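Trainee: CSV, C-alpha atoms and all ligand atoms, saved as entry29.csv, coming up:
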chain,number,residue,atom,x,y,z
A,283,MET,CA,-82.3,-44.2,33.6
A,284,ALA,CA,-82.3,-42.9,30.0
A,285,ALA,CA,-81.4,-39.3,29.5
A,286,THR,CA,-84.5,-37.2,29.2
A,287,ALA,CA,-84.8,-35.0,26.2
A,288,PRO,CA,-84.2,-31.3,26.9
A,289,SER,CA,-87.4,-29.4,27.4
A,290,PRO,CA,-88.3,-27.3,24.4
A,291,HIS,CA,-88.3,-24.3,26.7
A,292,THR,CA,-84.7,-24.8,27.8
A,293,VAL,CA,-82.0,-22.8,26.1
A,294,SER,CA,-79.9,-25.1,24.0
A,295,LEU,CA,-76.3,-25.5,25.2
A,296,ALA,CA,-75.2,-26.2,21.7
A,297,GLU,CA,-76.6,-22.9,20.4
A,298,ALA,CA,-75.1,-21.0,23.3
A,299,LYS,CA,-71.7,-22.5,22.7
A,300,ARG,CA,-71.8,-21.9,18.9
A,301,PHE,CA,-72.6,-18.3,19.5
A,302,LEU,CA,-70.1,-17.6,22.2
A,303,GLN,CA,-67.3,-19.3,20.2
A,304,GLN,CA,-68.2,-17.0,17.2
A,305,ALA,CA,-68.5,-13.9,19.4
A,306,TYR,CA,-65.3,-14.4,21.2
A,307,ALA,CA,-63.3,-15.3,18.1
A,308,GLU,CA,-64.6,-12.3,16.1
A,309,THR,CA,-64.0,-9.9,18.9
A,310,ASP,CA,-60.4,-11.1,19.5
A,311,ARG,CA,-61.0,-12.4,23.0
A,312,LYS,CA,-58.5,-14.8,24.6
A,313,PRO,CA,-59.3,-18.5,24.4
A,314,SER,CA,-59.0,-18.6,28.2
A,315,GLU,CA,-61.8,-16.0,28.5
A,316,LEU,CA,-64.0,-18.1,26.2
A,317,GLN,CA,-63.4,-21.2,28.3
A,318,ARG,CA,-64.3,-19.4,31.5
A,319,ARG,CA,-67.5,-18.0,29.9
A,320,LEU,CA,-68.5,-21.4,28.5
A,321,SER,CA,-68.2,-23.2,31.8
A,322,GLN,CA,-70.2,-20.4,33.5
A,323,VAL,CA,-73.0,-20.6,30.9
A,324,GLU,CA,-73.0,-24.4,31.1
A,325,ALA,CA,-73.4,-24.3,34.8
A,326,GLU,CA,-76.2,-21.7,34.6
A,327,LEU,CA,-78.0,-23.7,32.0
A,328,GLU,CA,-77.8,-26.9,34.1
A,329,SER,CA,-79.3,-25.3,37.1
A,330,THR,CA,-81.9,-22.9,35.6
A,331,GLY,CA,-82.3,-23.9,32.0
A,332,HIS,CA,-81.4,-20.3,31.1
A,333,TYR,CA,-78.5,-18.0,30.9
A,334,GLU,CA,-78.1,-14.3,30.4
A,335,LEU,CA,-76.0,-12.5,27.7
A,336,THR,CA,-73.6,-9.8,28.7
A,337,TYR,CA,-74.2,-6.4,27.1
A,338,GLU,CA,-71.2,-7.0,24.8
A,339,GLU,CA,-72.6,-10.4,23.7
A,340,LEU,CA,-76.1,-8.9,23.2
A,341,SER,CA,-74.9,-6.0,21.1
A,342,PHE,CA,-72.5,-8.2,19.0
A,343,GLY,CA,-75.4,-10.7,18.5
A,344,ALA,CA,-77.8,-8.0,17.4
A,345,ARG,CA,-75.3,-6.6,14.9
A,346,VAL,CA,-74.5,-10.0,13.5
A,347,ALA,CA,-78.3,-10.7,13.2
A,348,TRP,CA,-78.4,-7.7,10.9
A,349,ARG,CA,-75.3,-8.9,9.0
A,350,ASN,CA,-77.1,-12.3,8.6
A,351,SER,CA,-80.4,-10.8,7.3
A,352,VAL,CA,-80.7,-12.4,3.9
A,353,ARG,CA,-83.3,-10.0,2.7
A,354,CYS,CA,-81.5,-6.8,3.6
A,355,ILE,CA,-79.7,-4.7,1.0
A,356,GLY,CA,-78.4,-2.3,3.6
A,357,ARG,CA,-76.2,-4.6,5.6
A,358,LEU,CA,-72.9,-2.8,5.0
A,359,TYR,CA,-73.6,-0.7,8.1
A,360,TRP,CA,-74.2,-3.6,10.5
A,361,LYS,CA,-71.4,-2.5,12.8
A,362,SER,CA,-73.0,0.8,13.4
A,363,LEU,CA,-76.2,-0.5,14.9
A,364,HIS,CA,-77.0,1.2,18.3
A,365,VAL,CA,-78.2,-1.3,20.8
A,366,PHE,CA,-80.5,-0.2,23.6
A,367,ASP,CA,-80.6,-2.9,26.3
A,368,MET,CA,-84.1,-2.7,27.7
A,369,ARG,CA,-84.1,-6.3,29.1
A,370,ALA,CA,-85.2,-5.0,32.5
A,371,VAL,CA,-88.4,-3.4,31.3
A,372,VAL,CA,-91.5,-5.2,32.3
A,373,SER,CA,-94.5,-2.8,31.9
A,374,ALA,CA,-96.2,-1.5,28.8
A,375,GLN,CA,-95.7,2.1,30.0
A,376,GLU,CA,-91.9,1.6,30.4
A,377,ALA,CA,-91.8,0.0,27.0
A,378,PHE,CA,-93.6,3.0,25.5
A,379,HIS,CA,-91.1,5.4,27.1
A,380,ALA,CA,-88.1,3.3,25.9
A,381,LEU,CA,-89.6,3.3,22.3
A,382,CYS,CA,-90.2,7.1,22.4
A,383,ASP,CA,-86.5,7.4,23.2
A,384,HIS,CA,-85.7,5.0,20.3
A,385,LEU,CA,-87.8,7.0,17.8
A,386,SER,CA,-86.2,10.3,18.9
A,387,PHE,CA,-82.6,8.9,18.8
A,388,ALA,CA,-83.1,7.1,15.5
A,389,THR,CA,-84.9,9.9,13.8
A,390,ASN,CA,-82.3,12.4,14.8
A,391,SER,CA,-84.1,15.3,13.0
A,392,GLY,CA,-83.8,13.4,9.8
A,393,ASN,CA,-80.1,12.2,10.0
A,394,ILE,CA,-81.4,8.7,10.7
A,395,ARG,CA,-79.4,6.3,12.9
A,396,SER,CA,-79.8,2.6,12.9
A,397,ALA,CA,-80.9,1.3,16.3
A,398,ILE,CA,-82.5,-1.6,18.1
A,399,THR,CA,-84.3,-1.7,21.4
A,400,ILE,CA,-84.2,-5.1,23.0
A,401,PHE,CA,-86.9,-6.0,25.6
A,402,PRO,CA,-86.9,-9.1,27.9
A,403,GLU,CA,-86.2,-12.5,26.4
A,404,GLU,CA,-88.6,-15.4,26.5
A,405,ARG,CA,-88.3,-17.5,29.6
A,406,HIS,CA,-89.5,-21.1,29.6
A,407,GLY,CA,-91.5,-20.3,26.5
A,408,GLU,CA,-93.2,-17.2,27.9
A,409,ALA,CA,-92.8,-13.7,26.4
A,410,PRO,CA,-93.0,-11.1,29.1
A,411,LEU,CA,-93.8,-8.4,26.6
A,412,ARG,CA,-95.1,-8.4,23.1
A,413,ILE,CA,-95.4,-5.6,20.5
A,414,LEU,CA,-98.4,-6.2,18.2
A,415,ASN,CA,-97.5,-3.6,15.6
A,416,HIS,CA,-95.8,-4.7,12.3
A,417,GLN,CA,-93.8,-1.4,12.4
A,418,LEU,CA,-93.7,1.1,15.2
A,419,ILE,CA,-94.8,3.9,12.8
A,420,ARG,CA,-97.4,3.0,10.2
A,421,TYR,CA,-100.6,4.4,8.6
A,422,ALA,CA,-104.0,3.1,9.5
A,423,GLY,CA,-106.3,1.4,6.9
A,424,TYR,CA,-110.0,1.7,7.3
A,425,LYS,CA,-112.3,-0.6,5.4
A,426,ASN,CA,-115.3,1.3,3.9
A,427,ALA,CA,-118.8,0.0,3.3
A,428,ASP,CA,-118.2,-0.3,-0.4
A,429,GLY,CA,-115.1,-2.5,0.2
A,430,SER,CA,-112.6,0.2,-0.6
A,431,VAL,CA,-110.0,1.2,1.9
A,432,THR,CA,-109.0,4.6,3.2
A,433,GLY,CA,-105.3,4.6,4.1
A,434,ASP,CA,-103.0,1.6,4.0
A,435,PRO,CA,-104.8,-1.6,3.1
A,436,ASP,CA,-102.0,-3.6,4.7
A,437,SER,CA,-103.0,-2.2,8.1
A,438,VAL,CA,-106.7,-3.0,7.9
A,439,ASP,CA,-106.6,-5.9,10.4
A,440,PHE,CA,-104.3,-4.1,12.9
A,441,THR,CA,-106.4,-0.9,12.6
A,442,HIS,CA,-109.4,-3.0,13.4
A,443,LEU,CA,-107.8,-4.3,16.5
A,444,CYS,CA,-106.8,-0.7,17.6
A,445,LEU,CA,-110.4,0.5,17.1
A,446,GLN,CA,-111.7,-2.5,19.2
A,447,LEU,CA,-109.3,-1.5,21.9
A,448,GLY,CA,-110.8,1.9,22.0
A,449,TRP,CA,-108.3,3.9,19.8
A,450,LYS,CA,-109.9,6.5,17.5
A,451,GLY,CA,-108.3,7.7,14.3
A,452,ALA,CA,-109.1,10.9,12.4
A,453,GLY,CA,-110.1,8.8,9.3
A,454,THR,CA,-107.6,10.3,6.9
A,455,ALA,CA,-105.4,8.3,4.5
A,456,PHE,CA,-102.4,8.9,6.6
A,457,ASP,CA,-103.4,8.4,10.3
A,458,ILE,CA,-100.4,7.3,12.5
A,459,LEU,CA,-101.4,4.1,14.3
A,460,PRO,CA,-100.7,3.8,18.1
A,461,LEU,CA,-98.2,1.5,19.7
A,462,VAL,CA,-100.0,-1.7,21.0
A,463,VAL,CA,-98.2,-3.6,23.7
A,464,GLN,CA,-99.2,-6.7,25.6
A,465,GLU,CA,-97.8,-7.8,29.0
A,466,ALA,CA,-97.9,-11.5,29.6
A,467,GLY,CA,-101.3,-12.6,30.7
A,468,LYS,CA,-102.9,-9.2,30.3
A,469,CYS,CA,-104.9,-7.4,27.6
A,470,PRO,CA,-103.1,-5.4,25.0
A,471,VAL,CA,-102.9,-1.6,25.6
A,472,TRP,CA,-102.5,1.2,23.1
A,473,MET,CA,-100.6,4.5,23.3
A,474,ASP,CA,-100.4,7.3,20.8
A,475,TRP,CA,-97.0,8.5,19.8
A,476,PRO,CA,-96.3,12.2,20.6
A,477,GLU,CA,-96.7,13.9,17.2
A,478,SER,CA,-93.3,15.6,17.6
A,479,LEU,CA,-91.6,12.2,17.5
A,480,VAL,CA,-93.1,11.1,14.1
A,481,LEU,CA,-91.2,12.8,11.3
A,482,GLN,CA,-93.0,12.7,8.0
A,483,VAL,CA,-92.3,13.9,4.5
A,484,PRO,CA,-94.8,15.5,2.0
A,485,ILE,CA,-94.1,14.1,-1.4
A,486,GLU,CA,-93.5,16.5,-4.2
A,487,HIS,CA,-91.8,16.4,-7.6
A,488,PRO,CA,-88.9,18.6,-8.5
A,489,THR,CA,-90.5,19.8,-11.7
A,490,GLU,CA,-94.1,18.5,-11.8
A,491,PRO,CA,-96.3,20.3,-9.3
A,492,SER,CA,-99.3,18.1,-10.2
A,493,ILE,CA,-97.6,15.2,-8.4
A,494,GLY,CA,-97.2,17.3,-5.2
A,495,ALA,CA,-100.9,18.1,-5.6
A,496,LEU,CA,-101.8,14.5,-5.0
A,497,GLY,CA,-101.2,15.1,-1.3
A,498,LEU,CA,-99.0,12.0,-0.8
A,499,GLN,CA,-96.7,11.7,2.2
A,500,TRP,CA,-94.7,9.0,4.0
A,501,TYR,CA,-92.9,8.7,7.4
A,502,ALA,CA,-89.2,9.0,7.9
A,503,LEU,CA,-88.5,5.9,10.0
A,504,PRO,CA,-89.1,2.3,9.2
A,505,VAL,CA,-89.0,0.3,12.5
A,506,ILE,CA,-89.8,-3.4,12.1
A,507,SER,CA,-91.4,-4.5,15.3
A,508,ASP,CA,-92.8,-8.0,14.7
A,509,MET,CA,-89.7,-10.1,14.3
A,510,ARG,CA,-88.1,-12.2,16.9
A,511,LEU,CA,-84.4,-11.8,17.5
A,512,GLU,CA,-82.5,-15.0,18.3
A,513,ILE,CA,-79.0,-14.9,19.8
A,514,GLY,CA,-77.2,-17.9,21.3
A,515,GLY,CA,-80.3,-19.9,21.7
A,516,ILE,CA,-82.1,-17.0,23.5
A,517,SER,CA,-85.2,-15.5,21.9
A,518,PHE,CA,-86.2,-11.9,22.1
A,519,PRO,CA,-89.8,-11.6,20.9
A,520,ALA,CA,-89.8,-7.8,21.2
A,521,ALA,CA,-86.8,-6.2,19.7
A,522,PRO,CA,-87.8,-3.5,17.2
A,523,PHE,CA,-85.1,-2.2,14.9
A,524,ASN,CA,-84.7,0.4,12.2
A,525,GLY,CA,-82.6,1.5,9.4
A,526,TRP,CA,-83.4,4.3,6.9
A,527,TYR,CA,-85.5,3.9,3.8
A,528,MET,CA,-84.5,2.9,0.3
A,529,GLY,CA,-86.6,5.1,-2.0
A,530,THR,CA,-88.2,2.2,-3.9
A,531,GLU,CA,-89.7,0.8,-0.7
A,532,ILE,CA,-92.0,3.8,-0.7
A,533,GLY,CA,-92.2,4.8,-4.4
A,534,ALA,CA,-92.3,1.4,-6.0
A,535,ARG,CA,-94.2,-0.5,-3.3
A,536,ASN,CA,-96.0,1.3,-0.5
A,537,LEU,CA,-97.4,4.0,-2.7
A,538,ALA,CA,-97.5,2.0,-5.9
A,539,ASP,CA,-98.6,-1.5,-5.3
A,540,ARG,CA,-102.2,-2.2,-6.3
A,541,ASP,CA,-102.9,-3.7,-2.9
A,542,ARG,CA,-101.3,-0.7,-1.1
A,543,TYR,CA,-101.8,3.0,-2.0
A,544,ASN,CA,-102.2,2.2,-5.7
A,545,GLN,CA,-101.1,5.6,-6.9
A,546,LEU,CA,-99.8,4.8,-10.4
A,547,PRO,CA,-103.0,5.7,-12.2
A,548,ALA,CA,-103.3,9.0,-10.3
A,549,VAL,CA,-99.6,9.8,-11.0
A,550,ALA,CA,-100.1,9.0,-14.7
A,551,GLU,CA,-103.1,11.2,-14.8
A,552,ALA,CA,-101.2,14.0,-13.1
A,553,LEU,CA,-98.5,13.6,-15.7
A,554,GLY,CA,-101.1,13.6,-18.6
A,555,LEU,CA,-100.0,10.1,-19.8
A,556,ASP,CA,-102.0,8.0,-22.2
A,557,THR,CA,-103.2,5.1,-19.9
A,558,ALA,CA,-105.4,3.4,-22.5
A,559,HIS,CA,-102.6,1.1,-23.8
A,560,ASN,CA,-99.9,-0.9,-21.9
A,561,ASP,CA,-97.3,-0.2,-24.6
A,562,THR,CA,-97.2,3.5,-23.9
A,563,LEU,CA,-95.4,2.3,-20.7
A,564,TRP,CA,-97.4,4.7,-18.7
A,565,LYS,CA,-97.0,2.6,-15.6
A,566,ASP,CA,-93.2,2.6,-15.9
A,567,ARG,CA,-93.2,6.4,-16.6
A,568,ALA,CA,-95.4,7.1,-13.6
A,569,LEU,CA,-93.3,4.7,-11.4
A,570,LEU,CA,-90.1,6.6,-12.4
A,571,GLU,CA,-91.5,10.0,-11.6
A,572,LEU,CA,-93.1,8.9,-8.4
A,573,ASN,CA,-89.7,7.5,-7.3
A,574,ALA,CA,-87.9,10.6,-8.3
A,575,ALA,CA,-90.4,12.6,-6.3
A,576,VAL,CA,-89.8,10.4,-3.2
A,577,LEU,CA,-86.0,10.8,-3.3
A,578,HIS,CA,-86.3,14.5,-4.0
A,579,SER,CA,-88.7,15.1,-1.1
A,580,TYR,CA,-86.8,13.2,1.5
A,581,LYS,CA,-83.6,15.1,0.4
A,582,LYS,CA,-85.4,18.4,0.5
A,583,HIS,CA,-86.6,17.8,4.0
A,584,GLY,CA,-83.2,16.6,5.2
A,585,VAL,CA,-84.4,13.0,5.8
A,586,LYS,CA,-81.8,10.3,5.1
A,587,ILE,CA,-82.8,8.0,2.2
A,588,VAL,CA,-80.8,5.9,-0.3
A,589,ASP,CA,-81.6,5.3,-3.9
A,590,HIS,CA,-81.5,1.7,-5.1
A,591,HIS,CA,-78.4,2.1,-7.3
A,592,SER,CA,-76.4,3.4,-4.3
A,593,ALA,CA,-77.8,0.7,-2.0
A,594,ALA,CA,-76.8,-2.0,-4.5
A,595,GLU,CA,-73.3,-0.6,-4.6
A,596,GLN,CA,-73.2,-0.6,-0.9
A,597,HIS,CA,-74.2,-4.2,-0.8
A,598,GLN,CA,-71.5,-5.1,-3.3
A,599,HIS,CA,-69.0,-3.4,-1.0
A,600,PHE,CA,-70.4,-5.4,1.9
A,601,GLU,CA,-70.0,-8.6,-0.2
A,602,ARG,CA,-66.3,-7.8,-0.8
A,603,ILE,CA,-65.6,-7.1,2.9
A,604,GLU,CA,-67.3,-10.3,3.9
A,605,CYS,CA,-65.3,-12.2,1.3
A,606,SER,CA,-62.1,-10.8,2.7
A,607,HIS,CA,-63.1,-12.2,6.1
A,608,LYS,CA,-63.8,-15.6,4.5
A,609,ARG,CA,-67.5,-15.4,5.2
A,610,GLU,CA,-70.0,-16.3,2.5
A,611,VAL,CA,-72.7,-13.7,2.1
A,612,LYS,CA,-76.1,-15.4,2.2
A,613,GLY,CA,-79.0,-13.7,0.4
A,614,GLU,CA,-82.6,-14.0,-0.7
A,615,TRP,CA,-82.4,-12.9,-4.3
A,616,SER,CA,-86.0,-12.0,-4.8
A,617,TRP,CA,-85.8,-9.7,-1.8
A,618,LEU,CA,-82.4,-8.2,-2.5
A,619,ILE,CA,-83.1,-7.1,-6.0
A,620,PRO,CA,-84.8,-3.6,-6.0
A,621,PRO,CA,-88.3,-3.5,-7.4
A,622,MET,CA,-87.3,-0.9,-10.1
A,623,SER,CA,-84.7,-1.6,-12.8
A,624,PRO,CA,-83.3,-4.6,-11.0
A,625,ALA,CA,-81.1,-5.7,-13.9
A,626,THR,CA,-79.2,-2.4,-13.7
A,627,THR,CA,-77.7,-3.6,-10.4
A,628,HIS,CA,-75.1,-6.4,-9.9
A,629,ILE,CA,-77.5,-8.2,-7.5
A,630,PHE,CA,-79.7,-9.3,-10.4
A,631,HIS,CA,-76.8,-11.1,-12.0
A,632,CYS,CA,-75.5,-12.9,-8.9
A,633,PRO,CA,-76.7,-16.2,-7.4
A,634,TYR,CA,-77.1,-16.1,-3.6
A,635,ASP,CA,-77.4,-19.0,-1.1
A,636,PRO,CA,-80.6,-18.2,0.9
A,637,ARG,CA,-79.7,-20.2,4.0
A,638,GLU,CA,-80.2,-18.2,7.2
A,639,GLU,CA,-77.5,-18.2,9.8
A,640,LYS,CA,-77.9,-17.3,13.5
A,641,PRO,CA,-78.0,-14.9,15.2
A,642,ASN,CA,-80.9,-13.6,13.1
A,643,PHE,CA,-84.4,-12.1,13.0
A,644,PHE,CA,-87.3,-14.4,12.4
A,645,TYR,CA,-91.0,-14.2,11.9
A,646,GLY,CA,-92.8,-16.1,14.6
A,647,LYS,CA,-96.5,-16.7,15.2
A,648,GLY,CA,-98.7,-14.1,13.4
A,649,ASP,CA,-96.3,-14.1,10.5
A,650,HIS,CA,-96.2,-10.9,8.4
A,651,GLY,CA,-93.3,-11.9,6.3
A,652,ASP,CA,-93.7,-9.4,3.4
A,653,SER,CA,-92.0,-6.2,4.4
B,1,LIG,N1,-90.3,-2.2,3.3
B,1,LIG,C1,-90.8,-1.7,4.6
B,1,LIG,C2,-91.6,-0.4,4.3
B,1,LIG,O1,-91.6,0.0,3.2
B,1,LIG,C3,-89.6,-1.4,5.5
B,1,LIG,C4,-88.6,-2.6,5.7
B,1,LIG,C5,-87.3,-2.1,6.3
B,1,LIG,N2,-86.7,-1.2,5.5
B,1,LIG,C6,-85.5,-0.5,5.8
B,1,LIG,N3,-85.1,0.3,4.9
B,1,LIG,N4,-84.9,-0.7,6.9
B,1,LIG,O2,-92.1,0.2,5.2
Now, as a test, write the supplied structure out as structure tokens.
Mentor:
Amino acid sequence: MAATAPSPHTVSLAEAKRFLQQAYAETDRKPSELQRRLSQVEAELESTGHYELTYEELSFGARVAWRNSVRCIGRLYWKSLHVFDMRAVVSAQEAFHALCDHLSFATNSGNIRSAITIFPEERHGEAPLRILNHQLIRYAGYKNADGSVTGDPDSVDFTHLCLQLGWKGAGTAFDILPLVVQEAGKCPVWMDWPESLVLQVPIEHPTEPSIGALGLQWYALPVISDMRLEIGGISFPAAPFNGWYMGTEIGARNLADRDRYNQLPAVAEALGLDTAHNDTLWKDRALLELNAAVLHSYKKHGVKIVDHHSAAEQHQHFERIECSHKREVKGEWSWLIPPMSPATTHIFHCPYDPREEKPNFFYGKGDHGDS
């Protein structure tokens, strides 16, 4: 009889092998240990179509997934990722509690720590648990009758879903959205974060009170929650992870983009700039002061943040370390360059190979893909 093709829902032996070989080599395990583990996994795959990672393999895999993230300028710190193994969690309630613990650990009163919480893996193509949020903490966006949006326009669809599920927001420009979790085969449920777990920073400028008067703010902790983590052929559809902010993500994108909070005209007006002509460079001046305000405010409130020049230097350090280990740093140039003054960083002047290696984080169905 001809060999049947492996089911698409069976974990690939080749992927498992490739990962285990890398993990055991990089962590200086004996070849005999690797051999023992490989035959164990092979037998498990043959009988069940699945295998389970040990905690060591899981945490190594999650860290390397960060190291392999071609869009991330903050990868120097990949080894310090805290890995919470929540593979035994099955209910939405338990997931909420685990994520409250994640927020509290990672926020750490402002001294942010990188962490990932890993929920059950896909089995035979089924995800036991899904998180529907793009980020655990994010602001709502309400579409008004005249087509304008109150809050974050990027959250309009998700906010609509939350409202349909029965959540109610206060209707301000900075309402924290709830967690929305779905157990396999059930309806999604929402849960509001305890206020005390969501650290936020009011934005003010060191010398221009008119910028503080705009009433802008942002949250401390960026936790991406809609990417799939893949390690050794195993898929983790719910594995939210966080780092800390780079100032420009907030000051040059979230608050500045025309299709986000679109604050450059308001900042320019607060600064008394002439906005009638492009060549006064009012947008650039407003952008600069808004970004100075973001960095100043996070620092003032004791919330860890990195400026884009330091982040680029850290990436350069990472590139050198990787080179010394004979690993080529892959990168997606258009994502790695900061959105302000990119040519002042070395990244702008370097070519990067964008091929993604595994383990890694991927966008699955319901692609967001622009964070
Ligand atoms: N760019 C996203 C945001 O502004 C966050 C992406 C992850 N950023 C990070 N520093 N880990 O919310």
Trainee: Residues within 9 Å of segment 302-319 of chain A, please, as a PyMOL selection string. Count all atoms listed in the file; anything in the same chain fewer than 6 positions from it doesn't count.
Mentor: chain A and resi 339+342-343+514
Trainee: For the point (-111.6, -3.0, 11.8) in file coordinates, what residues are within 12 Å, counting all atoms listed in the file? Give the answer as a PyMOL selection string?
Mentor: chain A and resi 422-427+431-432+435-451
Trainee: Compile the contact shell of segment 386-390 of chain A as a ChimeraX atom specification: residues with an atom at most 10 Å away, counting only C-alpha atoms, same-chain residues fewer than 3 positions apart removed.
Mentor: /A:364,381-383,393-398,478-481,502-505,523-526,585-586
Trainee: For segment 344-353 of chain A, work out the shell of residues within 6 Å, counting all atoms listed in the file and skipping chain neighbours fewer than 3 positions away, then give it as a PyMOL selection string.
Mentor: chain A and resi 341+357+360+612-614+617-618+641-642
Trainee: What does the distance between atom CA of Ala380 of chain A and atom CA of Ile400 of chain A come to in Å, to one decimal place?
Mentor: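 The value is 9.7 Å.
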Trainee: As a list in words, please: every protein or nucleic acid residue near ligand LIG 1 (chain B) (cut-off 8 Å, counting all atoms listed in the file).
Mentor: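 Here is the list of contacting residues: Cys354, Gly356, Gln417, Arg420, Pro504, Val505, Ile506, Asn524, Gly525, Trp526, Tyr527, Met528, Glu531, Ile532, Arg535, Asn536, Asp652 and Ser653 of chain A.
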Trainee: Distance atom CA of Phe401 of chain A-atom CA of Leu327 of chain A, one decimal place?
Mentor: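 About the pair atom CA of Phe401 of chain A and atom CA of Leu327 of chain A: they are 20.8 Å apart.
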Trainee: Have a look at A:Arg609, A:His487, A:Lys361, A:His590 and name the one nearest to Leu553 of chain A; count all atoms listed in the file.
Mentor: A:His487
Trainee: Hey, could you make a per-residue contact list for segment 334-438 of chain A against segment 492-500 of chain A with 12 Å as the cut-off, showing the nearest pair of atoms and its distance in Å to one decimal, counting only C-alpha atoms, sorted by chain and number, as a Markdown table?
Mentor:
| residue | atom | partner | partner_atom | distance |
| --- | --- | --- | --- | --- |
| A:Ile419 | CA | A:Trp500 | CA | 10.2 |
| A:Arg420 | CA | A:Trp500 | CA | 9.0 |
| A:Tyr421 | CA | A:Trp500 | CA | 8.8 |
| A:Gly433 | CA | A:Leu498 | CA | 10.9 |
| A:Asp434 | CA | A:Trp500 | CA | 11.1 |
Trainee: Give the answer as one residue: which of A:Leu295, A:Leu414, A:Ala409, A:Ile485 has the shortest atom-to-atom distance to Lys582 of chain A, using only C-alpha atoms?
Mentor: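 Looking at the shortest contact to Lys582 of chain A, the residue is A:Ile485.
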Trainee: Have a look at atom CA of His631 of chain A and atom CA of Ala575 of chain A and let me know their distance in Å, one decimal.
Mentor: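 Going from atom CA of His631 of chain A over to atom CA of Ala575 of chain A covers 27.9 Å.
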Trainee: Near Gly584 of chain A, counting all atoms listed in the file, which residues have an atom at most 9 Å away, once you skip same-chain residues fewer than 5 positions from it, shown as a list in words?
Mentor: Ser391, Gly392, Asn393 and Ser579 of chain A
Trainee: Using all atoms listed in the file for the distances, tell me which of A:Lys565, A:His559, A:Lys608, A:His416 is nearest to Ala534 of chain A.
Mentor: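 Answer, going by the shortest atom-to-atom distance: A:Lys565.
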Trainee: Could you check the closest approach to Leu335 of chain A for each of A:Glu512, A:Phe378, A:Pro488, A:Val371 and tell me which residue wins, using only C-alpha atoms?
Mentor: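 Among the listed residues, the smallest separation from Leu335 of chain A belongs to A:Glu512.
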Trainee: Hey, which of A:Ile355, A:Ile629, A:Ile619, A:Val463 ends up closest to His379 of chain A? Count all atoms listed in the file.
Mentor: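 For His379 of chain A, the nearest of the candidates is A:Val463.
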Trainee: Hey, what's within 6 Å of Phe518 of chain A if we count only C-alpha atoms and toss same-chain stuff fewer than 3 positions away? As number ranges by chain, please?
Mentor: A: 403, 510-511
